[in-house]
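Asker: First the structure, which I've put down as structure tokens, then a few questions once you've had a look.
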Amino acid sequence: MLKDRYNRVHNYLRISLTDNCNLRCFYCMPEEDYAFMPSQQLMQKDEIVSLAKLFIANGVNKIRLTGGEPLVRKDAAAIIRALGNLGVELTITTNATRVHHFIDDFVAAGIRSVNISLDTLQPEKFQLITRRDQFFTVKNNIQLLLDGNFKVKVNVVVVKGLNEQEIPDFIEWTRALPIHVRFIEFMPFDGNRWKSNKLVTWKEMLAIITSKYEIEAQENLPNDTSKNYRIKNHLGSFAVISTMSAPFCAGCNRIRLTADGKIKNCLFSQEETDLLSALRSGNDVLGLIEQSILAKQKELGGQFSKDFELINTDDLHNRSMIAIGG
Ligand code: SAM
Ligand code: SF4
């Protein structure tokens, strides 16, 4: 069991398959030109499976694939199918632009739930946020997943002045569709133009929603990062994710493995532990994993506190989100 100094058991592994992506969301990628990692620097399929097996042997029971965009990787289908054989819950976070090529792979691998990023219901704004013209592909693929009886969660990063006025439109979307919309507080990463005055807190999001709807709180599971709600007679539901204004570090069970095989014990950790080099040179990988979990800070990677107004982004040391694997 992978337990840290604060008795948190780490049983949920998020594996980034690549830092490459076919979209260019401004909140995820650094402003300046970003060079994607060369493919030999990435974990290869068999290395991903070996590392996943080691984590599973030590208590991991859920794996999420992420990136960058996991489905732009050429051997994504083979990796998904290989991980599907390991007997743990497998899920994926994707921008959904390529989902239509992977439905059979998802089914074969036992994936039942898919998280999709979509920050706007307006095609022109989608182009503004992602710098790509893929809105209708994403919308169609969400419907394709619903038709295939997948559980669909839609991640919306809420940025002040950009899309908070659309929160009620997303809520309206849950009326006739069984989707679960998750409104996420905007987080600071290397070069992503974060400013505290761009943050819409979960309380502000709820205020926007309750001005128009009567909401019912739903059960939150022990390791949930979201506060869950529904609206009477809506088929879908929604949640707010309060990473910045009310962090949920006390219940954290997550370990992140970057596409180049490094553990990040927290989304905001400065430290990384290189598992891939150890694996390639035949050194003790489990020892490194245990050390990394033991070194995990109590809250927010030890880099800031929930007083997000005090954050000076120049003082933060981290990768960009696209290179971490969200
Ligand atoms: N490409 C896939 C996607 O977009 O779903 C997976 C990787 S993406 C980095 C994972 C999640 O991180 C997405 O839901 C995205 O919206 C979220 N994310 C990226 N940058 C963020 C930020 N600065 N603040 C909050 N969430 C962010
Ligand atoms: Fe790509 Fe996802 Fe980042 Fe957007 S959020 S740039 S889709 S990795």
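The way I read the labels, and the way they are meant: chains A, B, ... in the order of the structure tokens, residue 1 as the first residue of every chain, and ligand 1 as the first ligand shown, with later ones counted on from there.
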Just asking: which residues within segment 56-284 of chain A are alpha helix (DSSP H) according to DSSP, as a count of residues only?
Answerer: 61
Asker: Please list as a CSV table (one decimal) with C-alpha atoms, in the first residue's frame every residue within 9 Å of Ile289 of chain A, counting only C-alpha atoms and excluding residues in the same chain fewer than 4 positions away.
Answerer:
```csv
chain,number,residue,atom,x,y,z
A,2,LEU,CA,1.4,3.4,-0.9
A,55,PHE,CA,1.5,0.3,-9.0
A,263,ILE,CA,6.1,10.7,-10.7
A,273,THR,CA,11.0,11.2,-9.4
A,275,LEU,CA,10.9,6.1,-12.8
A,285,VAL,CA,11.5,1.4,-9.1
A,293,ILE,CA,4.9,9.3,-1.8
A,294,LEU,CA,6.6,9.8,1.5
```
Asker: Which polymer residues have any atom within 7 Å of an atom of segment 56-66 of chain A, counting only C-alpha atoms, with same-chain residues fewer than 6 positions away left out, as a PyMOL selection string?
Answerer: chain A and resi 1-2+10-17+88-94+325-326
Asker: Taking N, CA, C and O atoms for each residue, export the selection above as an mmCIF file, in the first residue's frame.
Answerer:
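Generated file (out17.cif):
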```cif
data_model
loop_
_atom_site.group_PDB
_atom_site.id
_atom_site.type_symbol
_atom_site.label_atom_id
_atom_site.label_comp_id
_atom_site.auth_asym_id
_atom_site.auth_seq_id
_atom_site.Cartn_x
_atom_site.Cartn_y
_atom_site.Cartn_z
ATOM 1 N N MET A 1 0.836 -1.190 0.000
ATOM 2 C CA MET A 1 0.000 0.000 0.000
ATOM 3 C C MET A 1 0.883 1.258 0.000
ATOM 4 O O MET A 1 1.869 1.312 0.720
ATOM 5 N N LEU A 2 0.532 2.235 -0.811
ATOM 6 C CA LEU A 2 1.351 3.442 -0.918
ATOM 7 C C LEU A 2 0.764 4.545 -0.041
ATOM 8 O O LEU A 2 -0.143 5.274 -0.450
ATOM 9 N N HIS A 10 -2.602 5.998 -1.467
ATOM 10 C CA HIS A 10 -2.600 6.399 -2.876
ATOM 11 C C HIS A 10 -2.941 5.195 -3.761
ATOM 12 O O HIS A 10 -2.104 4.335 -3.988
ATOM 13 N N ASN A 11 -4.185 5.191 -4.214
ATOM 14 C CA ASN A 11 -4.644 4.029 -4.998
ATOM 15 C C ASN A 11 -5.176 4.427 -6.376
ATOM 16 O O ASN A 11 -5.829 3.641 -7.046
ATOM 17 N N TYR A 12 -4.912 5.671 -6.777
ATOM 18 C CA TYR A 12 -5.451 6.174 -8.049
ATOM 19 C C TYR A 12 -4.288 6.764 -8.849
ATOM 20 O O TYR A 12 -3.692 7.763 -8.446
ATOM 21 N N LEU A 13 -3.981 6.119 -9.969
ATOM 22 C CA LEU A 13 -2.841 6.533 -10.797
ATOM 23 C C LEU A 13 -3.332 7.199 -12.077
ATOM 24 O O LEU A 13 -4.158 6.637 -12.790
ATOM 25 N N ARG A 14 -2.791 8.372 -12.352
ATOM 26 C CA ARG A 14 -3.135 9.060 -13.606
ATOM 27 C C ARG A 14 -1.899 9.020 -14.495
ATOM 28 O O ARG A 14 -0.844 9.543 -14.120
ATOM 29 N N ILE A 15 -2.036 8.377 -15.639
ATOM 30 C CA ILE A 15 -0.883 8.206 -16.532
ATOM 31 C C ILE A 15 -1.046 9.121 -17.736
ATOM 32 O O ILE A 15 -2.049 9.037 -18.461
ATOM 33 N N SER A 16 -0.064 9.982 -17.965
ATOM 34 C CA SER A 16 -0.074 10.799 -19.172
ATOM 35 C C SER A 16 0.570 10.004 -20.305
ATOM 36 O O SER A 16 1.690 9.503 -20.161
ATOM 37 N N LEU A 17 -0.132 9.896 -21.429
ATOM 38 C CA LEU A 17 0.415 9.128 -22.557
ATOM 39 C C LEU A 17 1.291 9.977 -23.453
ATOM 40 O O LEU A 17 2.121 9.455 -24.193
ATOM 41 N N VAL A 88 -8.127 -3.515 -13.293
ATOM 42 C CA VAL A 88 -8.492 -2.367 -12.440
ATOM 43 C C VAL A 88 -9.413 -1.447 -13.238
ATOM 44 O O VAL A 88 -9.522 -1.571 -14.454
ATOM 45 N N GLU A 89 -10.073 -0.527 -12.539
ATOM 46 C CA GLU A 89 -10.940 0.429 -13.233
ATOM 47 C C GLU A 89 -10.083 1.308 -14.136
ATOM 48 O O GLU A 89 -9.078 1.870 -13.698
ATOM 49 N N LEU A 90 -10.476 1.407 -15.402
ATOM 50 C CA LEU A 90 -9.719 2.220 -16.356
ATOM 51 C C LEU A 90 -10.623 3.331 -16.885
ATOM 52 O O LEU A 90 -11.765 3.080 -17.281
ATOM 53 N N THR A 91 -10.109 4.559 -16.868
ATOM 54 C CA THR A 91 -10.887 5.692 -17.375
ATOM 55 C C THR A 91 -9.956 6.581 -18.194
ATOM 56 O O THR A 91 -8.742 6.361 -18.219
ATOM 57 N N ILE A 92 -10.529 7.593 -18.813
ATOM 58 C CA ILE A 92 -9.712 8.459 -19.666
ATOM 59 C C ILE A 92 -10.252 9.888 -19.627
ATOM 60 O O ILE A 92 -11.455 10.093 -19.477
ATOM 61 N N THR A 93 -9.347 10.842 -19.728
ATOM 62 C CA THR A 93 -9.733 12.245 -19.906
ATOM 63 C C THR A 93 -9.251 12.665 -21.291
ATOM 64 O O THR A 93 -8.071 12.506 -21.617
ATOM 65 N N THR A 94 -10.158 13.187 -22.094
ATOM 66 C CA THR A 94 -9.833 13.481 -23.491
ATOM 67 C C THR A 94 -10.548 14.745 -23.948
ATOM 68 O O THR A 94 -11.589 15.101 -23.394
ATOM 69 N N GLY A 325 -0.014 16.342 -17.207
ATOM 70 C CA GLY A 325 -1.068 15.325 -17.368
ATOM 71 C C GLY A 325 -2.125 15.610 -16.330
ATOM 72 O O GLY A 325 -1.975 15.314 -15.163
ATOM 73 N N GLY A 326 -3.199 16.261 -16.756
ATOM 74 C CA GLY A 326 -4.200 16.764 -15.809
ATOM 75 C C GLY A 326 -5.111 15.686 -15.276
ATOM 76 O O GLY A 326 -5.058 14.556 -15.693
#
```
Asker: Name the residues, by chain letter and number, that sit within 7 Å of ligand 2 using only C-alpha atoms and all ligand atoms, and give them as a ChimeraX atom specification.
Answerer: /A:21-26,28-29,67-69,94-95,117,130,321-322
Asker: Could the residues in this selection be saved with C-alpha atoms as a PDB file, in the first residue's frame?
Answerer:
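Ended up saving to out21.pdb:
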```pdb
ATOM      1  CA  CYS A  21      -2.139  17.730 -28.345  1.00  0.00           C
ATOM      2  CA  ASN A  22      -4.203  18.727 -31.346  1.00  0.00           C
ATOM      3  CA  LEU A  23      -5.785  21.666 -29.473  1.00  0.00           C
ATOM      4  CA  ARG A  24      -4.070  24.700 -27.951  1.00  0.00           C
ATOM      5  CA  CYS A  25      -6.144  25.611 -24.873  1.00  0.00           C
ATOM      6  CA  PHE A  26      -4.558  28.779 -23.507  1.00  0.00           C
ATOM      7  CA  CYS A  28      -3.105  24.510 -20.397  1.00  0.00           C
ATOM      8  CA  MET A  29      -0.200  25.385 -22.681  1.00  0.00           C
ATOM      9  CA  GLY A  67      -2.117  13.948 -21.451  1.00  0.00           C
ATOM     10  CA  GLY A  68      -1.707  16.198 -23.470  1.00  0.00           C
ATOM     11  CA  GLU A  69      -4.300  14.531 -25.575  1.00  0.00           C
ATOM     12  CA  THR A  94      -9.833  13.481 -23.491  1.00  0.00           C
ATOM     13  CA  ASN A  95     -10.722  16.519 -25.562  1.00  0.00           C
ATOM     14  CA  SER A 117     -13.082  18.900 -21.753  1.00  0.00           C
ATOM     15  CA  THR A 130      -8.519  26.088 -28.249  1.00  0.00           C
ATOM     16  CA  MET A 321      -0.513  21.385 -17.364  1.00  0.00           C
ATOM     17  CA  ILE A 322      -0.039  19.847 -20.789  1.00  0.00           C
TER      18      ILE A 322
END
```
Asker: For segment 196-206 of chain A, list every protein, DNA or RNA residue within 7 Å, evaluated using only C-alpha atoms, and leave out those in the same chain fewer than 3 positions away; present the list as a VMD selection string.
Answerer: chain A and resid 158 to 160 185 to 186 209 to 210 240 to 242 245 308 to 309
Asker: Considering only C-alpha atoms, state which residue in the set A:Asp46, A:Glu299, A:Asp104, A:Asp307 is at the smallest distance from Ser269 of chain A.
Answerer: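 Comparing A:Asp46, A:Glu299, A:Asp104, A:Asp307 against Ser269 of chain A, the winner is A:Glu299.
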Asker: Using only C-alpha atoms, pick whichever of A:Leu286, A:Ile80, A:Leu118, A:Leu162 has the shortest atom-to-atom distance to Asn141 of chain A.
Answerer: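 Of A:Leu286, A:Ile80, A:Leu118, A:Leu162, the one nearest Asn141 of chain A, counting only C-alpha atoms, is A:Leu118.
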Asker: Under the rule that only C-alpha atoms are counted, which of A:Asn265, A:Asn312, A:Thr97, A:Asn155 is the nearest residue to Ser226 of chain A?
Answerer: A:Asn155
Asker: Point out the residue among A:Ala259, A:Ile129, A:Val107, A:Cys252 with the least atom-to-atom distance to Leu221 of chain A, counting only C-alpha atoms.
Answerer: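 The shortest atom-to-atom distance to Leu221 of chain A comes from A:Cys252.
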Asker: Find the distance between atom CA of Lys53 of chain A and atom CA of His100 of chain A and write it in Å to one decimal.
Answerer: 28.3 Å
Asker: Of the candidates A:Thr225, A:Thr137, A:Ser320, A:Asn7, which shows the shortest atom-to-atom distance to ligand 1, using only C-alpha atoms and all ligand atoms?
Answerer: A:Ser320
Asker: Hey, what's within 12 Å of Arg112 of chain A if we count only C-alpha atoms and toss same-chain stuff fewer than 2 positions away? As number ranges by chain, please?
Answerer: A: 64, 84, 89-92, 103-110, 114-115, 145-146, 148-153
Asker: For the atom pair atom CA of Ala78 of chain A and atom CA of Asn283 of chain A, what is the interatomic distance in Å to one decimal place?
Answerer: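 Computing it gives 26.5 Å between the two atoms.
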Asker: Closest to ligand 1 among A:Pro38, A:Gly236, A:Gly287, A:Pro188, using only C-alpha atoms and all ligand atoms?
Answerer: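 The closest residue to ligand 1 is A:Pro188.
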